[in-house]
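Okay, entry35.txt is below, compact mmCIF, C-alpha atoms and all ligand atoms:
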```txt
# COMPACT_ATOMS: atom_id res chain seq x y z
CA MET C 574 18.54 0.75 -23.23
CA ALA C 575 17.87 -0.29 -26.85
CA TRP C 576 15.08 -2.56 -25.65
CA PHE C 577 13.68 0.26 -23.51
CA ALA C 578 13.63 2.68 -26.45
CA GLN C 579 11.24 0.36 -28.27
CA SER C 580 9.34 -1.40 -25.55
CA HIS C 581 8.78 0.99 -22.69
CA ARG C 582 5.34 1.42 -21.24
CA PRO C 583 3.79 4.85 -21.69
CA LEU C 584 3.04 6.06 -18.17
CA PRO C 585 2.09 9.60 -17.16
CA TRP C 586 4.99 10.09 -14.75
CA LYS C 587 7.68 8.97 -17.21
CA GLY C 588 9.76 11.83 -18.51
CA GLU C 589 8.34 13.92 -15.67
CA ALA C 590 10.83 16.50 -14.38
CA ASP C 591 8.95 17.78 -11.33
CA PRO C 592 10.52 16.05 -8.29
CA TYR C 593 7.28 16.46 -6.33
CA LEU C 594 5.30 14.42 -8.91
CA ILE C 595 8.08 11.84 -9.22
CA TRP C 596 8.13 11.44 -5.45
CA LEU C 597 4.33 11.13 -5.39
CA SER C 598 4.38 8.41 -8.06
CA GLU C 599 7.18 6.49 -6.36
CA ILE C 600 5.39 6.44 -3.00
CA ILE C 601 2.15 5.32 -4.66
CA LEU C 602 3.99 2.56 -6.50
CA GLN C 603 5.69 1.10 -3.41
CA GLN C 604 4.25 -2.43 -3.04
CA THR C 605 1.59 -1.57 -5.63
CA ARG C 606 1.06 -2.69 -9.22
CA VAL C 607 1.22 0.06 -11.84
CA GLU C 608 -2.35 -0.56 -13.06
CA GLN C 609 -3.65 -0.20 -9.53
CA GLY C 610 -1.56 2.88 -8.70
CA LEU C 611 -2.24 4.83 -11.88
CA PRO C 612 -5.75 6.16 -11.05
CA TYR C 613 -4.55 7.13 -7.56
CA PHE C 614 -1.65 9.07 -9.02
CA GLU C 615 -4.03 10.93 -11.34
CA ARG C 616 -6.37 11.78 -8.46
CA PHE C 617 -3.56 12.99 -6.21
CA ARG C 618 -2.02 15.05 -8.98
CA ALA C 619 -5.38 16.71 -9.71
CA GLN C 620 -6.21 17.39 -6.06
CA TYR C 621 -2.71 18.33 -4.85
CA PRO C 622 -0.79 19.71 -7.85
CA ASP C 623 2.15 20.82 -5.69
CA VAL C 624 3.70 20.21 -2.30
CA TYR C 625 1.93 23.23 -0.75
CA HIS C 626 -1.52 21.82 -1.54
CA LEU C 627 -0.52 18.45 -0.09
CA ALA C 628 0.94 20.00 3.07
CA GLU C 629 -2.21 22.07 3.68
CA ALA C 630 -4.63 19.15 3.29
CA SER C 631 -6.04 17.45 6.37
CA GLU C 632 -4.90 13.94 7.14
CA ASP C 633 -8.50 12.68 6.88
CA GLU C 634 -8.75 14.08 3.32
CA ILE C 635 -5.53 12.37 2.29
CA MET C 636 -6.54 9.07 3.88
CA LYS C 637 -9.87 9.23 2.07
CA LEU C 638 -8.17 9.76 -1.29
CA TRP C 639 -5.74 6.92 -0.50
CA GLU C 640 -8.57 4.57 0.50
CA GLY C 641 -8.30 1.13 -1.12
CA LEU C 642 -4.60 1.39 -1.95
CA GLY C 643 -3.43 -0.25 1.30
CA TYR C 644 -0.25 0.28 3.34
CA TYR C 645 -1.70 3.48 4.77
CA SER C 646 1.52 4.49 6.51
CA ARG C 647 2.59 5.66 3.05
CA ALA C 648 -0.19 8.26 3.03
CA ARG C 649 0.63 9.46 6.55
CA ASN C 650 4.34 9.71 5.70
CA LEU C 651 3.58 11.51 2.44
CA HIS C 652 1.62 14.12 4.35
CA GLN C 653 4.28 14.58 7.05
CA ALA C 654 7.05 14.80 4.47
CA ALA C 655 5.10 17.47 2.53
CA GLN C 656 4.75 19.52 5.72
CA TYR C 657 8.48 19.09 6.41
CA ILE C 658 9.35 20.31 2.90
CA VAL C 659 7.11 23.36 3.24
CA GLN C 660 7.97 24.26 6.84
CA GLU C 661 11.66 23.31 7.03
CA LEU C 662 12.85 23.58 3.43
CA GLY C 663 10.81 26.57 2.29
CA GLY C 664 8.87 24.41 -0.19
CA GLN C 665 12.05 23.40 -2.03
CA PHE C 666 12.25 19.67 -2.78
CA PRO C 667 15.63 18.27 -1.60
CA ALA C 668 18.00 17.88 -4.55
CA THR C 669 20.55 15.45 -3.10
CA TYR C 670 20.31 11.71 -2.44
CA GLU C 671 20.91 12.23 1.30
CA GLY C 672 18.34 15.03 1.46
CA ILE C 673 15.72 12.89 -0.30
CA LEU C 674 16.51 9.97 2.03
CA ARG C 675 15.64 12.20 5.00
CA LEU C 676 12.00 12.44 3.86
CA LYS C 677 9.67 10.26 5.90
CA GLY C 678 8.69 7.06 4.06
CA VAL C 679 11.64 7.23 1.65
CA GLY C 680 14.16 4.36 1.77
CA PRO C 681 17.28 3.79 -0.34
CA TYR C 682 15.28 2.40 -3.27
CA THR C 683 12.86 5.33 -3.52
CA ALA C 684 15.66 7.86 -2.89
CA ALA C 685 17.69 6.39 -5.76
CA ALA C 686 14.65 6.48 -8.06
CA ILE C 687 13.84 10.14 -7.28
CA ALA C 688 17.51 11.22 -7.35
CA SER C 689 18.07 9.66 -10.78
CA PHE C 690 14.71 10.51 -12.40
CA ALA C 691 14.38 14.07 -11.11
CA PHE C 692 17.99 15.21 -10.79
CA GLY C 693 20.00 12.86 -13.04
CA LEU C 694 22.11 11.72 -10.06
CA PRO C 695 24.04 8.46 -10.49
CA TYR C 696 22.25 6.14 -8.05
CA ALA C 697 21.14 2.67 -9.17
CA VAL C 698 17.64 1.55 -8.26
CA VAL C 699 17.40 -1.99 -6.89
CA ASP C 700 13.84 -3.24 -6.60
CA GLY C 701 12.34 -6.73 -6.97
CA ASN C 702 12.45 -6.44 -10.75
CA VAL C 703 16.12 -5.52 -10.79
CA PHE C 704 16.99 -8.32 -8.33
CA ARG C 705 15.35 -10.82 -10.67
CA VAL C 706 17.04 -9.62 -13.85
CA LEU C 707 20.50 -9.51 -12.24
CA SER C 708 20.09 -12.83 -10.47
CA ARG C 709 19.05 -14.60 -13.68
CA PHE C 710 21.42 -12.86 -16.07
CA PHE C 711 24.51 -13.43 -13.90
CA GLY C 712 23.27 -16.73 -12.42
CA ILE C 713 23.62 -15.47 -8.84
CA GLU C 714 22.33 -17.92 -6.23
CA THR C 715 22.64 -15.63 -3.20
CA ALA C 716 19.21 -15.06 -1.60
CA VAL C 717 17.90 -11.66 -2.63
CA ASP C 718 16.31 -11.10 0.78
CA SER C 719 19.49 -11.87 2.76
CA SER C 720 21.69 -8.99 3.91
CA SER C 721 24.66 -10.30 1.91
CA GLY C 722 22.39 -10.67 -1.14
CA LYS C 723 21.08 -7.12 -0.86
CA LYS C 724 24.64 -5.81 -0.64
CA GLN C 725 25.89 -7.92 -3.55
CA PHE C 726 23.03 -6.98 -5.87
CA ALA C 727 23.26 -3.29 -4.94
CA GLU C 728 26.98 -3.30 -5.82
CA ILE C 729 26.41 -4.97 -9.19
CA ALA C 730 23.53 -2.62 -10.04
CA GLN C 731 25.65 0.41 -9.15
CA ALA C 732 28.60 -0.88 -11.23
CA LEU C 733 26.33 -1.44 -14.25
CA LEU C 734 24.64 1.96 -14.06
CA ALA C 735 24.99 4.16 -17.14
CA LYS C 736 26.27 7.16 -15.16
CA GLU C 737 25.50 9.69 -17.88
CA GLN C 738 21.87 8.52 -18.15
CA PRO C 739 20.95 7.11 -14.74
CA GLY C 740 17.23 7.90 -15.01
CA PRO C 741 16.52 6.09 -18.30
CA HIS C 742 18.88 3.27 -17.26
CA ASN C 743 16.99 2.67 -13.99
CA GLN C 744 13.66 2.89 -15.72
CA ALA C 745 14.81 0.42 -18.38
CA MET C 746 15.98 -2.10 -15.77
CA MET C 747 12.72 -1.90 -13.85
CA ASP C 748 10.54 -2.09 -16.95
CA PHE C 749 12.54 -5.00 -18.31
CA GLY C 750 11.97 -6.95 -15.09
CA ALA C 751 8.31 -5.93 -14.85
CA THR C 752 7.28 -6.74 -18.41
CA HIS C 753 9.89 -9.00 -20.01
CA CYS C 754 11.93 -10.94 -17.45
CA THR C 755 8.80 -11.55 -15.38
CA PRO C 756 8.58 -13.80 -12.27
CA ARG C 757 6.55 -16.43 -14.10
CA ALA C 758 6.82 -17.23 -17.83
CA PRO C 759 9.50 -14.68 -18.80
CA SER C 760 9.81 -13.97 -22.54
CA CYS C 761 13.15 -15.76 -22.96
CA SER C 762 12.52 -16.77 -26.57
CA THR C 763 12.41 -13.12 -27.69
CA CYS C 764 14.93 -11.79 -25.18
CA PRO C 765 17.76 -9.54 -26.41
CA LEU C 766 19.89 -10.73 -23.46
CA GLN C 767 19.37 -14.42 -24.19
CA THR C 768 22.88 -15.31 -25.37
CA GLY C 769 24.54 -13.76 -22.32
CA CYS C 770 21.92 -14.89 -19.81
CA HIS C 771 23.37 -17.44 -17.43
CA ALA C 772 20.01 -18.73 -16.17
CA PHE C 773 18.69 -19.26 -19.69
CA GLN C 774 21.84 -20.98 -20.91
CA GLN C 775 21.94 -23.27 -17.85
CA GLY C 776 18.18 -23.97 -17.77
CA ARG C 777 17.86 -22.34 -14.33
CA VAL C 778 15.38 -19.57 -15.09
CA GLU C 779 12.60 -20.96 -12.90
CA TYR C 780 14.96 -21.41 -9.90
CA LEU C 781 16.19 -17.82 -9.82
CA PRO C 782 16.08 -15.54 -7.94
CA VAL C 783 16.49 -17.45 -4.66
CA LYS C 784 14.59 -16.30 -1.58
CA GLU C 785 15.52 -17.15 1.99
CA LYS C 786 12.47 -16.49 4.08
CA LYS C 787 9.00 -17.78 3.76
CA ILE C 788 6.61 -15.44 5.50
CA GLU C 789 4.33 -17.12 8.05
CA LYS C 790 0.87 -15.59 7.95
CA LYS C 791 -1.05 -15.04 11.17
CA ASN C 792 -4.82 -15.75 11.20
CA ARG C 793 -6.92 -12.98 12.74
CA PHE C 794 -10.69 -12.97 13.24
CA PHE C 795 -12.39 -9.58 13.37
CA HIS C 796 -15.95 -9.04 14.50
CA TYR C 797 -17.21 -5.57 13.70
CA LEU C 798 -20.19 -4.39 15.70
CA ILE C 799 -22.47 -2.01 13.82
CA PHE C 800 -24.84 -0.40 16.28
CA ASN C 801 -27.83 1.18 14.51
CA GLN C 802 -30.06 3.69 16.20
CA ARG C 803 -32.32 6.16 14.37
CA GLY C 804 -30.36 5.84 11.13
CA GLN C 805 -27.03 6.44 12.86
CA VAL C 806 -24.09 4.10 13.44
CA TRP C 807 -20.99 4.48 15.62
CA ILE C 808 -17.46 4.50 14.31
CA GLN C 809 -14.04 5.13 15.83
CA LYS C 810 -10.65 6.23 14.59
CA ARG C 811 -7.87 3.64 14.92
CA VAL C 812 -5.02 4.96 16.99
CA GLY C 813 -2.88 1.81 17.42
CA LYS C 814 0.40 1.65 15.55
CA ASP C 815 -0.56 -0.68 12.74
CA ILE C 816 -1.28 -0.54 9.03
CA TRP C 817 -4.77 0.89 9.61
CA LYS C 818 -3.70 3.72 11.94
CA HIS C 819 -5.95 6.80 11.56
CA LEU C 820 -8.53 4.99 9.44
CA TYR C 821 -12.06 4.61 10.77
CA GLU C 822 -13.78 1.38 11.79
CA PHE C 823 -16.81 0.07 13.67
CA PRO C 824 -16.29 -1.02 17.28
CA LEU C 825 -14.14 -4.11 16.96
CA LEU C 826 -13.90 -7.39 18.80
CA GLU C 827 -10.87 -9.42 17.80
CA LEU C 828 -10.81 -13.13 18.58
CA ASN C 829 -8.42 -15.93 17.71
CA GLN C 830 -11.14 -18.05 16.13
CA PRO C 831 -14.33 -17.62 14.11
CA VAL C 832 -17.50 -17.25 16.16
CA SER C 833 -21.14 -17.65 15.19
CA ASP C 834 -22.61 -17.62 18.69
CA GLU C 835 -24.41 -14.34 19.35
CA THR C 836 -23.82 -14.56 23.14
CA VAL C 837 -20.08 -14.06 22.62
CA ILE C 838 -20.87 -10.82 20.79
CA ARG C 839 -23.37 -9.71 23.47
CA ASN C 840 -20.83 -10.27 26.23
CA SER C 841 -17.99 -8.56 24.40
CA ALA C 842 -16.35 -5.37 25.66
CA PRO C 843 -17.53 -3.10 22.79
CA TRP C 844 -21.14 -4.20 23.28
CA GLN C 845 -20.98 -3.79 27.06
CA GLN C 846 -19.19 -0.46 26.84
CA LEU C 847 -21.69 1.10 24.45
CA LEU C 848 -24.91 -0.51 25.58
CA GLY C 849 -24.51 -1.66 29.15
CA LYS C 850 -27.92 -2.99 30.05
CA SER C 851 -29.78 -1.12 27.29
CA SER C 852 -31.69 -3.36 24.99
CA ALA C 853 -30.61 -4.23 21.48
CA LYS C 854 -31.03 -7.04 19.03
CA VAL C 855 -28.67 -8.57 16.47
CA SER C 856 -30.53 -8.26 13.21
CA GLN C 857 -27.97 -9.85 10.92
CA ALA C 858 -24.49 -11.41 10.87
CA SER C 859 -22.68 -11.14 7.56
CA ARG C 860 -20.91 -13.87 5.67
CA PRO C 861 -17.17 -13.91 6.44
CA PHE C 862 -15.09 -11.44 4.41
CA SER C 863 -11.45 -12.40 3.86
CA GLN C 864 -8.35 -10.41 3.09
CA VAL C 865 -4.83 -11.78 2.71
CA LEU C 866 -2.02 -9.36 3.57
CA THR C 867 1.73 -9.89 3.59
CA HIS C 868 1.90 -11.05 7.20
CA GLN C 869 -1.66 -11.88 8.09
CA LYS C 870 -4.94 -13.37 6.95
CA ILE C 871 -7.98 -11.44 8.09
CA GLN C 872 -11.46 -12.87 8.34
CA ALA C 873 -14.13 -10.32 9.24
CA THR C 874 -17.77 -10.77 10.23
CA PHE C 875 -20.09 -7.79 10.50
CA TRP C 876 -22.82 -7.83 13.12
CA GLU C 877 -25.73 -5.47 12.51
CA ILE C 878 -27.29 -4.57 15.85
CA ASN C 879 -30.55 -2.67 16.22
CA VAL C 880 -30.60 -0.50 19.30
CA THR C 881 -34.01 0.58 20.62
CA ASP C 882 -34.69 4.27 20.23
CA GLU C 883 -34.96 4.88 23.97
CA ALA C 884 -31.65 3.20 24.82
CA ALA C 885 -29.08 5.44 26.48
CA LEU C 886 -25.63 4.83 25.09
CA ASN C 887 -22.19 5.41 26.47
CA SER C 888 -20.48 6.39 23.25
CA GLU C 889 -17.30 7.91 24.67
CA GLY C 890 -14.54 7.87 22.03
CA LEU C 891 -17.04 6.98 19.32
CA LEU C 892 -18.48 9.11 16.57
CA ALA C 893 -22.15 8.92 15.58
CA VAL C 894 -22.57 9.06 11.81
CA LYS C 895 -25.61 8.82 9.60
CA ARG C 896 -25.33 5.75 7.40
CA GLU C 897 -25.56 7.79 4.23
CA ASN C 898 -22.49 9.77 5.39
CA LEU C 899 -20.23 6.75 5.92
CA SER C 900 -18.78 7.18 2.44
CA LYS C 901 -17.07 10.39 3.63
CA PHE C 902 -14.73 8.43 5.92
CA ALA C 903 -11.74 6.30 5.01
CA PHE C 904 -12.09 2.70 6.17
CA PRO C 905 -9.84 -0.35 5.83
CA LYS C 906 -10.55 -2.20 2.60
CA ILE C 907 -12.39 -5.09 4.24
CA ILE C 908 -14.99 -2.71 5.74
CA ASP C 909 -15.44 -1.02 2.38
CA TRP C 910 -16.08 -4.42 0.81
CA TYR C 911 -18.81 -5.13 3.33
CA LEU C 912 -20.47 -1.74 2.87
CA THR C 913 -20.31 -1.95 -0.91
CA ASP C 914 -21.34 -5.59 -1.02
CA ASN C 915 -24.48 -4.87 0.96
CA SER C 916 -25.22 -1.49 -0.60
CA LEU C 917 -25.53 -0.41 2.98
CA TYR C 918 -24.06 3.02 2.54
CA LEU C 919 -27.51 4.30 1.75
CA LYS C 920 -29.72 1.85 3.54
CA LEU C 921 -31.31 3.11 6.72
CA LEU C 922 -32.19 0.33 9.09
S1 LIG X 1 16.75 -14.82 -21.26
FE1 LIG X 1 14.95 -15.04 -19.97
S2 LIG X 1 15.74 -15.12 -17.88
FE2 LIG X 1 17.38 -14.32 -19.17
S3 LIG X 1 17.18 -12.09 -19.01
FE3 LIG X 1 16.03 -12.75 -20.82
S4 LIG X 1 13.92 -13.04 -20.08
FE4 LIG X 1 15.26 -12.99 -18.28
```

Using structure tokens, write down the structure that the file contains.
Amino acid sequence: MAWFAQSHRPLPWKGEADPYLIWLSEIILQQTRVEQGLPYFERFRAQYPDVYHLAEASEDEIMKLWEGLGYYSRARNLHQAAQYIVQELGGQFPATYEGILRLKGVGPYTAAAIASFAFGLPYAVVDGNVFRVLSRFFGIETAVDSSSGKKQFAEIAQALLAKEQPGPHNQAMMDFGATHCTPRAPSCSTCPLQTGCHAFQQGRVEYLPVKEKKIEKKNRFFHYLIFNQRGQVWIQKRVGKDIWKHLYEFPLLELNQPVSDETVIRNSAPWQQLLGKSSAKVSQASRPFSQVLTHQKIQATFWEINVTDEAALNSEGLLAVKRENLSKFAFPKIIDWYLTDNSLYLKLL
């Protein structure tokens, strides 16, 4: 706490008392670095200053504002939880740990953070930063991602919690892990906990915390088909239950290997469905765009296809959009990269 008093990072949501804004910031910061989340928090706060504004917004609007932040289920859950608060709780943010935990997209970590920051309730936050500090300081070798590890660390964190000041205590623990006892090159030489720190005293800092699982990443190859006709292109809304649900995309062909042969694209289902026997020509295939996610590596190629003006299209389930209007829709990051990279938002083919 003494370290925190001197070293804490000035962030707009610190010291915030409004549970709605605290909740908003915590959801934005799940799996997101503070520097990346900060501008999003500011934009959401400006556009939706309270839970009523958020509940009334359309999902497309929220997804658009969330665009680029990733893990889009957070945005969908945020919206649904706002509607639940307005419709079921009369706009009153839940003021108990259990009530907060009932909100969609809120797990034990986020519930503890909101309960302690907004309501001063004695619940310890245990995130990756806290795991690291506890594991090093006490020299605990139990894997932090094992069920026994999670239980053990949660118990220690709860026992250590300054019950009369749970909010500042939690914030101090998280900040200490995020900025001082960092994953790589922690500042041990200037650390106020140095003399009591087991890992430092035993020379085991770089070995702690221990992790059990190594995540295997799956390779996926996406081929996006961009059909151009009279300045329009066709897009579709993703409905499948995955991280891009309810975002827009171009008709997609997914293969288990990279492809440069145009005939594969011509014979693909999206091409056949939209064009049938109508004539069209591939005008350009992009360089591969890559994105590494937690469980998968995506490689995307974008195929620009010029459709003759007379061609009759079967565009069932697809939306025709003028190219200059593409920026109004929320796309997965990798599509945004392509559009931005090529300055194609405004280019009419
Ligand atoms: S001495 Fe090093 S490892 Fe130990 S708590 Fe401080 S920064 Fe972390």

Q. Got a sec to check which residues lie within 10 Å of ligand LIG 1 (chain X), using all atoms listed in the file, and send them as a ChimeraX atom specification?
A. /C:705-712,749-750,752-756,758-774,776-779,781-782

Put those residues in a file: C-alpha atoms, as a compact mmCIF listing (two decimals), keeping the file's coordinate frame.
```txt
# COMPACT_ATOMS: atom_id res chain seq x y z
CA ARG C 705 15.35 -10.82 -10.67
CA VAL C 706 17.04 -9.62 -13.85
CA LEU C 707 20.50 -9.51 -12.24
CA SER C 708 20.09 -12.83 -10.47
CA ARG C 709 19.05 -14.60 -13.68
CA PHE C 710 21.42 -12.86 -16.07
CA PHE C 711 24.51 -13.43 -13.90
CA GLY C 712 23.27 -16.73 -12.42
CA PHE C 749 12.54 -5.00 -18.31
CA GLY C 750 11.97 -6.95 -15.09
CA THR C 752 7.28 -6.74 -18.41
CA HIS C 753 9.89 -9.00 -20.01
CA CYS C 754 11.93 -10.94 -17.45
CA THR C 755 8.80 -11.55 -15.38
CA PRO C 756 8.58 -13.80 -12.27
CA ALA C 758 6.82 -17.23 -17.83
CA PRO C 759 9.50 -14.68 -18.80
CA SER C 760 9.81 -13.97 -22.54
CA CYS C 761 13.15 -15.76 -22.96
CA SER C 762 12.52 -16.77 -26.57
CA THR C 763 12.41 -13.12 -27.69
CA CYS C 764 14.93 -11.79 -25.18
CA PRO C 765 17.76 -9.54 -26.41
CA LEU C 766 19.89 -10.73 -23.46
CA GLN C 767 19.37 -14.42 -24.19
CA THR C 768 22.88 -15.31 -25.37
CA GLY C 769 24.54 -13.76 -22.32
CA CYS C 770 21.92 -14.89 -19.81
CA HIS C 771 23.37 -17.44 -17.43
CA ALA C 772 20.01 -18.73 -16.17
CA PHE C 773 18.69 -19.26 -19.69
CA GLN C 774 21.84 -20.98 -20.91
CA GLY C 776 18.18 -23.97 -17.77
CA ARG C 777 17.86 -22.34 -14.33
CA VAL C 778 15.38 -19.57 -15.09
CA GLU C 779 12.60 -20.96 -12.90
CA LEU C 781 16.19 -17.82 -9.82
CA PRO C 782 16.08 -15.54 -7.94
```

Q. Which polymer residues have any atom within 12 Å of an atom of Ala727 in chain C, counting only C-alpha atoms, with same-chain residues fewer than 6 positions away left out, as a PyMOL selection string?
A. chain C and resi 681-682+685+696-701+703-704+707-708+717-718+720-721+733-734

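Atom pair CA of Ala893 in chain C / CA of Ile808 in chain C: separated by 6.6 Å.
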
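Atom pair CA of Phe795 in chain C / CA of Glu827 in chain C has a distance of 4.7 Å (rounded to one decimal).
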
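Closest approach to Pro861 in chain C among C:Thr874, C:Asn702, C:Gln802, C:Ser888: C:Thr874, based on all atoms listed in the file.
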
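By all atoms listed in the file, and with residues fewer than 3 positions from Asp815 in chain C along its chain excluded, the set lying at most 10 Å from it is C:Tyr644, C:Tyr645, C:Ser646, C:Arg811, C:Val812, C:Lys818, C:His819.
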
Using all atoms listed in the file, which protein or nucleic acid residues come within 7 Å of Ala745 in chain C? Drop anything in the same chain fewer than 3 positions from it, and give the result as a compact mmCIF listing (two decimals) with C-alpha atoms, in the frame of the given file.
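Output contents, as saved in around-v1.txt:
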```txt
# COMPACT_ATOMS: atom_id res chain seq x y z
CA MET C 574 18.54 0.75 -23.23
CA PHE C 577 13.68 0.26 -23.51
CA PRO C 741 16.52 6.09 -18.30
CA HIS C 742 18.88 3.27 -17.26
CA ASP C 748 10.54 -2.09 -16.95
CA PHE C 749 12.54 -5.00 -18.31
```

(Q) Could you list, as a PyMOL selection string, every residue within 12 Å of range 613-623 of chain C, counting only C-alpha atoms and ignoring same-chain residues fewer than 5 positions away? (A) chain C and resi 584-586+591-602+605-608+628-631+634-643+648+651-652+655-656+658-659+664-666

Q | Shell around Glu789 in chain C at 10 Å using only C-alpha atoms, local window under 5 positions removed, as a PyMOL selection string | A | chain C and resi 867-869
